[in-house]
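Trainee: data30.txt is the file, holding compact mmCIF, C-alpha atoms and all ligand atoms:
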```
# COMPACT_ATOMS: atom_id res chain seq x y z
CA MET A 1 0.00 0.00 0.00
CA LYS A 2 1.54 3.31 -1.08
CA SER A 3 0.95 5.93 1.56
CA ILE A 4 -0.15 9.50 0.90
CA PHE A 5 1.61 11.76 3.36
CA LEU A 6 -0.66 14.64 4.34
CA ASP A 7 0.85 15.34 7.74
CA TYR A 8 3.52 17.91 6.89
CA ASN A 9 2.59 20.07 9.88
CA SER A 10 3.73 17.30 12.17
CA THR A 11 7.03 16.89 10.35
CA THR A 12 8.56 16.99 6.88
CA PRO A 13 11.02 14.73 5.09
CA ILE A 14 14.58 16.06 4.82
CA ALA A 15 15.14 17.53 1.36
CA PRO A 16 17.81 15.63 -0.63
CA SER A 17 20.15 18.65 -0.87
CA VAL A 18 19.83 19.15 2.90
CA GLN A 19 20.84 15.52 3.47
CA GLU A 20 23.81 16.05 1.20
CA ALA A 21 24.90 19.18 3.06
CA MET A 22 24.76 17.29 6.36
CA LEU A 23 26.68 14.15 5.37
CA PRO A 24 30.28 15.46 5.73
CA PHE A 25 29.51 16.35 9.36
CA MET A 26 28.55 12.77 10.07
CA ALA A 27 31.91 11.51 8.88
CA GLU A 28 35.13 13.46 8.39
CA PHE A 29 34.05 16.79 9.94
CA PHE A 30 33.16 15.46 13.36
CA ALA A 31 35.21 17.84 15.50
CA GLY A 32 33.69 20.52 17.67
CA PRO A 33 33.71 24.10 16.37
CA ASP A 34 35.71 25.61 19.22
CA GLY A 35 39.21 24.12 18.79
CA LEU A 36 42.21 26.05 17.51
CA TYR A 37 43.10 23.47 14.83
CA ALA A 38 42.24 23.82 11.14
CA GLN A 39 39.41 21.27 11.04
CA SER A 40 37.70 22.93 13.95
CA ARG A 41 38.03 26.34 12.29
CA ALA A 42 36.42 24.97 9.11
CA ILE A 43 33.57 23.49 11.13
CA GLU A 44 33.01 26.75 12.94
CA GLU A 45 32.84 28.48 9.58
CA SER A 46 30.17 26.04 8.37
CA LEU A 47 28.20 26.56 11.57
CA GLU A 48 28.36 30.33 11.19
CA ASP A 49 27.31 30.02 7.53
CA ALA A 50 24.29 28.02 8.71
CA ARG A 51 23.47 30.68 11.29
CA GLY A 52 23.69 33.27 8.52
CA GLN A 53 21.28 31.25 6.37
CA VAL A 54 18.71 31.08 9.17
CA ALA A 55 19.20 34.80 9.85
CA HIS A 56 18.73 35.51 6.15
CA LEU A 57 15.40 33.62 6.07
CA LEU A 58 14.19 35.95 8.85
CA GLY A 59 15.89 39.12 7.58
CA VAL A 60 17.86 39.54 10.83
CA THR A 61 21.55 39.44 11.80
CA SER A 62 23.45 36.26 12.64
CA ASP A 63 24.16 37.31 16.20
CA GLU A 64 20.41 37.38 16.86
CA ILE A 65 20.11 33.63 16.14
CA VAL A 66 20.48 31.08 18.93
CA PHE A 67 20.49 27.47 17.72
CA CYS A 68 18.73 24.92 19.87
CA GLY A 69 17.41 21.37 19.75
CA SER A 70 13.70 21.72 18.99
CA GLY A 71 10.91 24.21 18.54
CA THR A 72 9.76 23.18 21.98
CA GLU A 73 13.13 24.08 23.47
CA SER A 74 13.13 27.38 21.62
CA CYS A 75 9.73 28.33 23.10
CA ASN A 76 10.87 27.18 26.56
CA LEU A 77 14.00 29.31 26.32
CA ALA A 78 12.00 32.38 25.31
CA ILE A 79 9.36 32.07 28.03
CA LYS A 80 11.30 30.65 30.97
CA GLY A 81 14.29 32.75 29.95
CA VAL A 82 12.29 35.96 30.41
CA ALA A 83 10.42 34.72 33.50
CA ALA A 84 13.67 33.74 35.25
CA THR A 85 15.20 37.19 34.84
CA TYR A 86 12.31 38.73 36.80
CA LEU A 87 11.87 35.94 39.36
CA GLN A 88 15.59 36.07 40.11
CA GLN A 89 15.23 39.75 41.02
CA GLU A 90 12.10 38.94 43.05
CA LYS A 91 10.03 41.11 40.74
CA PRO A 92 6.47 40.14 39.82
CA CYS A 93 6.09 38.51 36.43
CA HIS A 94 2.84 38.34 34.48
CA ILE A 95 2.77 36.44 31.20
CA VAL A 96 -0.02 36.36 28.59
CA VAL A 97 -0.47 33.51 26.10
CA SER A 98 -3.30 32.82 23.67
CA ALA A 99 -5.90 30.07 24.05
CA VAL A 100 -4.69 28.26 20.92
CA GLU A 101 -0.99 27.84 21.66
CA HIS A 102 0.89 24.61 21.00
CA PRO A 103 1.78 22.77 24.24
CA ALA A 104 5.37 24.02 23.75
CA VAL A 105 4.05 27.42 24.85
CA ALA A 106 0.89 26.53 26.80
CA GLN A 107 2.61 23.97 29.06
CA THR A 108 5.65 26.19 29.55
CA ALA A 109 3.42 29.03 30.72
CA GLN A 110 1.67 26.58 33.07
CA PHE A 111 5.06 25.61 34.50
CA CYS A 112 5.96 29.27 35.01
CA ARG A 113 2.83 29.54 37.11
CA THR A 114 4.32 26.99 39.51
CA LEU A 115 7.43 29.18 39.77
CA GLY A 116 5.35 32.14 40.89
CA CYS A 117 4.43 33.86 37.63
CA HIS A 118 0.89 35.00 36.92
CA VAL A 119 -0.43 33.77 33.62
CA SER A 120 -3.43 35.06 31.66
CA VAL A 121 -4.91 33.52 28.55
CA VAL A 122 -6.28 35.69 25.78
CA ASP A 123 -9.22 34.16 23.90
CA VAL A 124 -9.66 33.83 20.16
CA ASP A 125 -12.77 34.60 18.15
CA ARG A 126 -14.73 31.94 16.25
CA HIS A 127 -12.27 32.15 13.39
CA GLY A 128 -9.36 31.41 15.73
CA VAL A 129 -7.98 34.95 15.74
CA VAL A 130 -6.81 37.03 18.73
CA ASN A 131 -8.23 40.56 18.84
CA PRO A 132 -5.58 43.18 19.79
CA ASP A 133 -8.14 44.98 22.00
CA ASP A 134 -8.69 41.78 24.00
CA LEU A 135 -4.94 41.51 24.47
CA ALA A 136 -4.64 45.16 25.53
CA ARG A 137 -7.29 44.62 28.22
CA LEU A 138 -5.23 41.85 29.85
CA LEU A 139 -1.98 43.79 30.13
CA ARG A 140 -0.84 44.95 33.58
CA PRO A 141 2.06 47.03 34.84
CA GLU A 142 3.87 43.79 35.76
CA THR A 143 3.25 42.08 32.39
CA ARG A 144 6.71 41.09 31.14
CA LEU A 145 5.98 38.85 28.18
CA VAL A 146 3.23 38.06 25.69
CA SER A 147 3.54 34.86 23.64
CA ILE A 148 1.17 34.40 20.71
CA MET A 149 1.84 31.97 17.88
CA MET A 150 2.16 33.16 14.31
CA ALA A 151 0.32 30.27 12.63
CA ASN A 152 -1.70 27.55 14.31
CA ASP A 153 -0.58 23.96 13.78
CA GLU A 154 -4.13 22.56 13.64
CA THR A 155 -6.09 25.15 11.68
CA GLY A 156 -3.28 27.06 9.95
CA VAL A 157 -4.87 30.34 11.12
CA ILE A 158 -2.42 33.25 11.07
CA GLN A 159 -2.52 35.77 13.91
CA PRO A 160 -2.23 39.53 13.31
CA ILE A 161 1.20 39.50 14.94
CA SER A 162 2.31 43.03 14.02
CA GLN A 163 -0.85 44.53 15.52
CA LEU A 164 -0.57 42.40 18.65
CA ALA A 165 3.14 43.17 19.03
CA GLU A 166 2.45 46.88 18.64
CA VAL A 167 0.10 46.80 21.63
CA CYS A 168 2.99 45.39 23.66
CA GLN A 169 5.65 47.66 22.23
CA GLN A 170 3.71 50.70 23.42
CA LYS A 171 3.96 49.35 26.97
CA ASP A 172 7.53 48.05 26.80
CA ILE A 173 6.39 44.44 27.10
CA LEU A 174 8.42 41.73 25.35
CA PHE A 175 6.65 39.81 22.61
CA HIS A 176 7.44 36.21 21.62
CA THR A 177 5.88 34.44 18.68
CA ASP A 178 6.03 30.72 18.04
CA ALA A 179 6.56 30.71 14.28
CA CYS A 180 7.26 26.96 14.01
CA GLN A 181 4.36 26.49 11.57
CA ALA A 182 4.88 29.77 9.74
CA ALA A 183 8.60 29.72 8.94
CA GLY A 184 9.18 28.23 5.53
CA LYS A 185 5.53 28.65 4.52
CA ILE A 186 5.00 32.41 4.62
CA PRO A 187 7.38 35.38 5.00
CA VAL A 188 8.51 35.71 8.61
CA ASN A 189 10.50 38.80 9.55
CA PRO A 190 10.79 39.62 13.27
CA ASN A 191 11.69 43.27 12.58
CA GLN A 192 8.70 43.83 10.32
CA LEU A 193 6.48 42.02 12.81
CA GLY A 194 7.92 44.03 15.71
CA VAL A 195 8.62 40.97 17.87
CA ASP A 196 11.49 40.50 20.33
CA LEU A 197 11.65 36.71 20.34
CA LEU A 198 10.67 34.22 17.63
CA SER A 199 10.87 30.42 17.50
CA LEU A 200 11.30 28.23 14.44
CA SER A 201 11.93 24.52 13.96
CA SER A 202 13.91 22.89 11.17
CA HIS A 203 11.91 19.66 10.80
CA LYS A 204 8.82 21.68 9.83
CA PHE A 205 10.59 22.96 6.71
CA TYR A 206 12.52 20.04 5.17
CA GLY A 207 15.43 20.19 7.59
CA PRO A 208 16.43 17.59 10.18
CA LYS A 209 14.88 16.96 13.57
CA GLY A 210 17.01 18.04 16.53
CA ALA A 211 17.56 21.52 15.08
CA ALA A 212 15.70 24.74 15.79
CA ALA A 213 16.43 28.35 16.59
CA LEU A 214 15.33 31.26 18.70
CA PHE A 215 15.59 34.79 17.35
CA VAL A 216 16.59 37.04 20.24
CA GLY A 217 16.34 40.69 19.29
CA GLU A 218 19.14 43.09 20.17
CA GLY A 219 18.99 44.21 23.79
CA VAL A 220 16.66 41.40 24.98
CA THR A 221 17.98 39.75 28.13
CA LEU A 222 17.30 36.08 28.75
CA ASN A 223 18.39 33.58 31.37
CA PRO A 224 19.78 30.34 29.93
CA LEU A 225 17.94 27.07 30.51
CA ILE A 226 21.05 24.97 30.08
CA HIS A 227 24.09 26.08 32.05
CA GLY A 228 27.59 24.93 31.36
CA ALA A 229 30.68 25.92 29.47
CA GLY A 230 28.96 28.53 27.30
CA GLY A 231 28.03 28.35 23.64
CA GLU A 232 25.17 29.94 21.70
CA HIS A 233 25.79 33.33 23.35
CA SER A 234 25.93 31.50 26.70
CA LEU A 235 22.22 30.73 26.31
CA ARG A 236 22.69 27.03 25.55
CA SER A 237 25.74 25.18 26.74
CA GLY A 238 26.71 21.78 25.40
CA CYS A 239 28.51 20.42 22.35
CA GLU A 240 27.08 21.97 19.22
CA ASN A 241 24.94 19.77 16.96
CA VAL A 242 26.78 21.01 13.89
CA MET A 243 25.37 18.41 11.49
CA ALA A 244 21.74 19.24 12.33
CA TRP A 245 22.30 23.00 12.40
CA VAL A 246 24.10 22.93 9.05
CA GLY A 247 21.06 21.03 7.73
CA MET A 248 18.74 23.63 9.17
CA GLY A 249 20.73 26.40 7.49
CA LYS A 250 20.54 24.66 4.12
CA ALA A 251 16.80 24.05 4.57
CA ALA A 252 16.27 27.72 5.50
CA ASN A 253 18.06 28.69 2.32
CA LEU A 254 15.91 26.32 0.24
CA VAL A 255 12.53 27.36 1.63
CA GLY A 256 13.48 31.03 1.56
CA ARG A 257 14.12 30.80 -2.17
CA SER A 258 10.83 29.09 -2.97
CA LEU A 259 8.32 30.73 -0.61
CA ASP A 260 6.17 32.21 -3.36
CA SER A 261 6.16 29.26 -5.72
CA SER A 262 5.47 26.70 -3.00
CA ALA A 263 2.69 28.85 -1.49
CA GLU A 264 1.10 29.07 -4.92
CA LYS A 265 1.30 25.31 -5.48
CA LEU A 266 0.00 24.46 -2.01
CA THR A 267 -2.88 26.93 -2.22
CA SER A 268 -3.95 25.37 -5.48
CA LEU A 269 -3.69 21.79 -4.14
CA CYS A 270 -5.68 22.69 -1.02
CA LYS A 271 -8.33 24.27 -3.21
CA GLN A 272 -8.49 21.15 -5.38
CA LEU A 273 -8.88 18.95 -2.30
CA THR A 274 -11.54 21.14 -0.65
CA GLN A 275 -13.57 21.42 -3.84
CA LYS A 276 -13.57 17.66 -4.39
CA LEU A 277 -14.68 16.99 -0.84
CA MET A 278 -17.32 19.72 -0.81
CA THR A 279 -18.92 18.69 -4.07
CA SER A 280 -19.02 15.00 -3.21
CA ILE A 281 -20.23 15.24 0.36
CA PRO A 282 -23.59 16.91 0.17
CA ASP A 283 -23.83 17.54 3.91
CA ARG A 284 -21.85 20.17 5.69
CA VAL A 285 -18.11 19.80 5.23
CA ILE A 286 -16.50 22.56 7.29
CA VAL A 287 -13.02 23.97 7.00
CA HIS A 288 -12.23 25.43 10.43
CA GLY A 289 -10.81 28.94 10.31
CA ALA A 290 -11.78 29.27 6.62
CA ALA A 291 -12.69 32.94 7.04
CA ALA A 292 -9.32 33.84 8.55
CA GLN A 293 -5.94 34.25 6.88
CA ARG A 294 -4.23 30.85 6.88
CA ILE A 295 -0.94 29.29 5.89
CA PRO A 296 -1.28 27.79 2.41
CA ASN A 297 -0.90 24.08 3.21
CA THR A 298 -3.35 23.36 6.03
CA LEU A 299 -6.94 22.12 5.98
CA CYS A 300 -8.61 21.42 9.30
CA ILE A 301 -11.72 19.83 7.95
CA ASN A 302 -14.83 18.34 9.52
CA PHE A 303 -16.67 15.41 7.97
CA PRO A 304 -20.25 15.44 9.21
CA HIS A 305 -21.90 12.74 11.36
CA ILE A 306 -18.87 10.49 11.84
CA SER A 307 -15.85 10.37 14.11
CA ALA A 308 -12.37 11.36 12.93
CA GLN A 309 -10.85 8.13 14.27
CA GLN A 310 -13.40 5.98 12.44
CA LEU A 311 -12.72 7.87 9.25
CA LEU A 312 -8.95 7.61 9.38
CA ARG A 313 -9.07 3.94 10.37
CA ARG A 314 -10.78 3.28 7.04
CA VAL A 315 -8.03 5.01 5.07
CA PRO A 316 -4.75 3.69 6.52
CA GLU A 317 -2.83 4.80 3.44
CA ILE A 318 -3.56 8.46 4.27
CA CYS A 319 -1.18 9.94 6.85
CA ALA A 320 -3.19 12.67 8.57
CA ALA A 321 -3.68 13.93 12.12
CA THR A 322 -6.47 13.25 14.61
CA SER A 323 -6.68 13.96 18.33
CA ALA A 324 -4.85 10.64 18.91
CA SER A 325 -1.72 12.21 17.47
CA GLY A 326 -2.04 15.19 19.75
CA SER A 327 -4.28 17.44 17.75
CA VAL A 328 -7.70 18.14 16.28
CA GLY A 329 -11.08 16.32 16.14
CA GLY A 330 -12.29 13.19 17.85
CA THR A 331 -13.66 12.57 21.27
CA ASN A 332 -10.73 14.09 23.23
CA CYS A 333 -11.41 17.27 21.45
CA SER A 334 -8.71 19.72 20.60
CA PRO A 335 -8.40 22.81 22.83
CA VAL A 336 -7.95 24.85 19.66
CA LEU A 337 -11.40 24.01 18.25
CA GLN A 338 -12.79 24.34 21.78
CA ALA A 339 -11.33 27.84 22.08
CA MET A 340 -12.93 28.75 18.75
CA GLY A 341 -16.29 27.66 20.15
CA VAL A 342 -16.84 25.01 17.47
CA PRO A 343 -19.93 22.95 18.44
CA ASP A 344 -19.39 19.23 19.12
CA GLU A 345 -21.19 18.09 15.98
CA ASP A 346 -18.80 20.17 13.89
CA LYS A 347 -15.62 18.87 15.47
CA GLU A 348 -16.07 15.14 16.03
CA GLY A 349 -15.27 14.32 12.43
CA THR A 350 -12.39 16.75 12.16
CA ILE A 351 -9.04 15.76 10.71
CA ARG A 352 -6.05 17.87 9.74
CA LEU A 353 -4.70 17.49 6.24
CA SER A 354 -1.40 19.31 5.82
CA LEU A 355 0.25 19.28 2.42
CA GLY A 356 3.85 19.88 1.43
CA TRP A 357 6.48 20.13 -1.24
CA TYR A 358 6.18 16.53 -2.37
CA THR A 359 2.36 16.37 -2.50
CA SER A 360 1.13 15.80 -6.06
CA GLU A 361 -2.20 16.50 -7.77
CA GLU A 362 -2.66 12.75 -8.21
CA GLU A 363 -2.21 12.20 -4.48
CA VAL A 364 -4.74 14.91 -3.70
CA ASP A 365 -7.29 13.34 -6.06
CA ARG A 366 -6.66 9.88 -4.64
CA ALA A 367 -6.89 11.13 -1.04
CA ALA A 368 -10.18 12.89 -1.80
CA GLU A 369 -11.59 9.71 -3.40
CA LEU A 370 -10.52 7.56 -0.46
CA LEU A 371 -11.93 9.98 2.11
CA ILE A 372 -15.23 10.36 0.27
CA HIS A 373 -15.58 6.60 -0.06
CA ALA A 374 -14.74 6.06 3.61
CA TRP A 375 -17.16 8.77 4.71
CA GLU A 376 -19.96 7.27 2.58
CA SER A 377 -19.38 3.81 3.99
CA LEU A 378 -19.58 5.16 7.53
CA HIS A 379 -22.46 7.50 6.98
CA HIS A 380 -24.85 5.07 5.31
C1 LIG A 401 3.12 25.58 16.49
C2 LIG A 401 4.18 24.65 16.98
N1 LIG A 401 5.00 25.06 17.95
C3 LIG A 401 5.97 24.28 18.43
C4 LIG A 401 6.15 23.00 17.97
C5 LIG A 401 7.22 22.15 18.55
O1 LIG A 401 8.26 21.96 17.65
P1 LIG A 401 9.30 20.75 17.84
O2 LIG A 401 8.59 19.51 17.36
O3 LIG A 401 10.47 21.11 17.00
O4 LIG A 401 9.62 20.68 19.28
C6 LIG A 401 5.28 22.51 16.99
C7 LIG A 401 5.40 21.13 16.51
O5 LIG A 401 4.42 20.50 16.16
C8 LIG A 401 4.27 23.37 16.47
O6 LIG A 401 3.43 22.96 15.54
```
Just give me the structure of the file as structure tokens.
Mentor:
Amino acid sequence: MKSIFLDYNSTTPIAPSVQEAMLPFMAEFFAGPDGLYAQSRAIEESLEDARGQVAHLLGVTSDEIVFCGSGTESCNLAIKGVAATYLQQEKPCHIVVSAVEHPAVAQTAQFCRTLGCHVSVVDVDRHGVVNPDDLARLLRPETRLVSIMMANDETGVIQPISQLAEVCQQKDILFHTDACQAAGKIPVNPNQLGVDLLSLSSHKFYGPKGAAALFVGEGVTLNPLIHGAGGEHSLRSGCENVMAWVGMGKAANLVGRSLDSSAEKLTSLCKQLTQKLMTSIPDRVIVHGAAAQRIPNTLCINFPHISAQQLLRRVPEICAATSASGSVGGTNCSPVLQAMGVPDEDKEGTIRLSLGWYTSEEEVDRAAELLIHAWESLHH
């Protein structure tokens, strides 16, 4: 059975040229980047080139990029890193996150609560969007950080980050955005967005797992999470994962060069898929967040009168997400759809289809046929 991979928001394959760029660091170039000998110097150069490539994708400078091990770690470093600087000085620390954050942010904020921070959650509207006025109402004199994601992993809904960040800028409050689902899919520029901290993860854009980065704007002070001999501006000690970070740099370069063309292709494939499903299923097929701006590859789609698990069990060749894989639809319903106020009958049959570079028109047609057939067999 040939599988159809429609789960690119969970992870992507490593692009062949990224694999190629990484290979030398698995074999002959194994040394660390901090020795005085020639091989070490060459490795450091490659690492700094990779940092430059990530910086270039974001339109920032290399010294604002801190490499780390995952998007989750990047979000942890941003949030706990800010919280710790205030808690250390015994100053109050209030943090605001949105109701639709990935656990990398939501759980980190929860943890900060146990350290003594106050945490508020800003709601989203029925389209999944945070209103800047709602955010402004939650801010207090002791608010130190606001963390709102750029694009949602389940619905693909894009937040109005520059407007939200502006509200914070006016009050000298740091703003972090989790751009793990946005980077590589839409333009992401921290300076244009007006954010101080921004997270991105390599395995979401055809780079390897185990590589991610945090943009730390000039003048932003963070406490490290991992203490030791230094490294990554003393924010992350430990031997550098040169192979993975070189891969991330190469992937950043690749996606940066093809943002427009891949967005165009993915928009068209998503349209093809939605149209096929909507015309064949006469009942109400709903795309969650359809009225909002969304990243071009994501369809969070509800099939009426059935459960998401039942549906996906009938189409094992389709790789797609349900609540069982940590997101969307099903009986353990997703907090994201909950926060959007989606009624139960419109979320039980919800799956997330996320397309990517290697998705073909034939696969989209085949996936639509399989899903329609499975839905019909369950519905009748
Ligand atoms: C929005 C968002 N933030 C953070 C993460 C975590 O990234 P990583 O898997 O690199 O830890 C993910 C991964 O699914 C995500 O979708």
Trainee: Please work out which residues fall within 12 Å of (13.6, 33.0, 40.5), coordinates as given in the file, with only C-alpha atoms counting, and return them as a ChimeraX atom specification.
Mentor: /A:80-93,112-117,223
Trainee: Tell me, in Å to one decimal, how far CA of Ala104 in chain A is from CA of Gly256 in chain A.
Mentor: 24.6 Å
Trainee: For a quick check of understanding, using all atoms listed in the file, which of A:Asp134, A:Glu142, A:Asp178, A:Glu232 has the smallest distance to ligand LIG 401 (chain A)?
Mentor: A:Asp178
Trainee: Residues within 8 Å of ligand LIG 401 (chain A), counting all atoms listed in the file: report them as number ranges by chain.
Mentor: A: 9-11, 69-75, 101-105, 149-154, 178-181, 199-204, 209-212
Trainee: Save the residues we just selected, C-alpha atoms, as a CSV table (one decimal), in the coordinates of the input?
Mentor:
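Result saved to out.csv:
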```csv
chain,number,residue,atom,x,y,z
A,9,ASN,CA,2.6,20.1,9.9
A,10,SER,CA,3.7,17.3,12.2
A,11,THR,CA,7.0,16.9,10.4
A,69,GLY,CA,17.4,21.4,19.8
A,70,SER,CA,13.7,21.7,19.0
A,71,GLY,CA,10.9,24.2,18.5
A,72,THR,CA,9.8,23.2,22.0
A,73,GLU,CA,13.1,24.1,23.5
A,74,SER,CA,13.1,27.4,21.6
A,75,CYS,CA,9.7,28.3,23.1
A,101,GLU,CA,-1.0,27.8,21.7
A,102,HIS,CA,0.9,24.6,21.0
A,103,PRO,CA,1.8,22.8,24.2
A,104,ALA,CA,5.4,24.0,23.8
A,105,VAL,CA,4.0,27.4,24.8
A,149,MET,CA,1.8,32.0,17.9
A,150,MET,CA,2.2,33.2,14.3
A,151,ALA,CA,0.3,30.3,12.6
A,152,ASN,CA,-1.7,27.6,14.3
A,153,ASP,CA,-0.6,24.0,13.8
A,154,GLU,CA,-4.1,22.6,13.6
A,178,ASP,CA,6.0,30.7,18.0
A,179,ALA,CA,6.6,30.7,14.3
A,180,CYS,CA,7.3,27.0,14.0
A,181,GLN,CA,4.4,26.5,11.6
A,199,SER,CA,10.9,30.4,17.5
A,200,LEU,CA,11.3,28.2,14.4
A,201,SER,CA,11.9,24.5,14.0
A,202,SER,CA,13.9,22.9,11.2
A,203,HIS,CA,11.9,19.7,10.8
A,204,LYS,CA,8.8,21.7,9.8
A,209,LYS,CA,14.9,17.0,13.6
A,210,GLY,CA,17.0,18.0,16.5
A,211,ALA,CA,17.6,21.5,15.1
A,212,ALA,CA,15.7,24.7,15.8
```
Trainee: Could you state the separation of CA of Ile318 in chain A and CA of Ser3 in chain A in Å, given to one decimal place?
Mentor: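 Taking CA of Ile318 in chain A as the start and CA of Ser3 in chain A as the end point, the length is 5.8 Å.
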Trainee: Extract, using all atoms listed in the file, all DNA, RNA and protein residues at most 9 Å from Ile301 in chain A, discarding same-chain residues fewer than 3 positions from it, and format them as number ranges by chain.
Mentor: A: 155, 274, 285-288, 329, 347, 349-353
Trainee: Pick out the closest residue to Gly219 in chain A from this set: A:Ile281, A:Asn76, A:Asp63, A:Ile295. Count all atoms listed in the file.
Mentor: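 Ranking A:Ile281, A:Asn76, A:Asp63, A:Ile295 by distance to Gly219 in chain A, first place goes to A:Asp63.
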Trainee: By how many Å are CA of Ile148 in chain A and CA of Val96 in chain A apart?
Mentor: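 We find that CA of Ile148 in chain A and CA of Val96 in chain A lie 8.2 Å from each other.
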Trainee: Neighbouring residues of range 40-45 of chain A were defined as those with any atom within 9 Å, considering all atoms listed in the file; residues of the same chain fewer than 3 positions away were excluded. Please report them as a count of residues only.
Mentor: 14
Trainee: When you count all atoms listed in the file, which of these residues is closest to Val216 in chain A: A:Leu164, A:Phe111, A:Leu58, A:Glu362?
Mentor: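 That would be A:Leu58, the residue with the smallest distance to Val216 in chain A.
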Trainee: Can you take the partial range 136-156 of chain A, add N, CA and C atoms, and return it as a short mmCIF file (atom, residue, chain, number, x, y, z; two decimals), in the coordinates of the input?
Mentor:
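What follows is the written file rebuild32.cif:
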```cif
data_model
loop_
_atom_site.label_atom_id
_atom_site.label_comp_id
_atom_site.auth_asym_id
_atom_site.auth_seq_id
_atom_site.Cartn_x
_atom_site.Cartn_y
_atom_site.Cartn_z
N ALA A 136 -4.94 43.92 24.80
CA ALA A 136 -4.64 45.16 25.53
C ALA A 136 -5.32 45.16 26.90
N ARG A 137 -6.54 44.63 26.95
CA ARG A 137 -7.29 44.62 28.22
C ARG A 137 -6.63 43.75 29.29
N LEU A 138 -5.84 42.77 28.87
CA LEU A 138 -5.23 41.85 29.85
C LEU A 138 -3.89 42.34 30.39
N LEU A 139 -3.33 43.37 29.74
CA LEU A 139 -1.98 43.79 30.13
C LEU A 139 -2.00 44.55 31.46
N ARG A 140 -0.96 44.31 32.26
CA ARG A 140 -0.84 44.95 33.58
C ARG A 140 0.54 45.60 33.68
N PRO A 141 0.73 46.43 34.70
CA PRO A 141 2.06 47.03 34.84
C PRO A 141 3.16 45.98 34.97
N GLU A 142 2.83 44.82 35.55
CA GLU A 142 3.87 43.79 35.76
C GLU A 142 3.88 42.74 34.64
N THR A 143 3.19 43.02 33.53
CA THR A 143 3.25 42.08 32.39
C THR A 143 4.64 42.21 31.75
N ARG A 144 5.34 41.08 31.67
CA ARG A 144 6.71 41.09 31.14
C ARG A 144 6.79 40.50 29.74
N LEU A 145 5.86 39.58 29.45
CA LEU A 145 5.98 38.85 28.18
C LEU A 145 4.60 38.45 27.68
N VAL A 146 4.41 38.60 26.36
CA VAL A 146 3.23 38.06 25.69
C VAL A 146 3.75 37.07 24.66
N SER A 147 3.12 35.87 24.63
CA SER A 147 3.54 34.86 23.64
C SER A 147 2.31 34.41 22.85
N ILE A 148 2.30 34.77 21.59
CA ILE A 148 1.17 34.40 20.71
C ILE A 148 1.75 33.84 19.41
N MET A 149 1.26 32.66 19.04
CA MET A 149 1.84 31.97 17.88
C MET A 149 1.53 32.70 16.58
N MET A 150 2.39 32.49 15.59
CA MET A 150 2.16 33.16 14.31
C MET A 150 1.13 32.39 13.48
N ALA A 151 1.29 31.08 13.38
CA ALA A 151 0.32 30.27 12.63
C ALA A 151 -0.01 29.03 13.44
N ASN A 152 -1.28 28.69 13.49
CA ASN A 152 -1.70 27.55 14.31
C ASN A 152 -1.43 26.23 13.59
N ASP A 153 -0.93 25.26 14.36
CA ASP A 153 -0.58 23.96 13.78
C ASP A 153 -1.80 23.15 13.33
N GLU A 154 -2.95 23.36 13.97
CA GLU A 154 -4.13 22.56 13.64
C GLU A 154 -4.96 23.19 12.52
N THR A 155 -5.20 24.49 12.64
CA THR A 155 -6.09 25.15 11.68
C THR A 155 -5.32 25.93 10.61
N GLY A 156 -4.07 26.24 10.89
CA GLY A 156 -3.28 27.06 9.95
C GLY A 156 -3.59 28.54 10.06
#
```
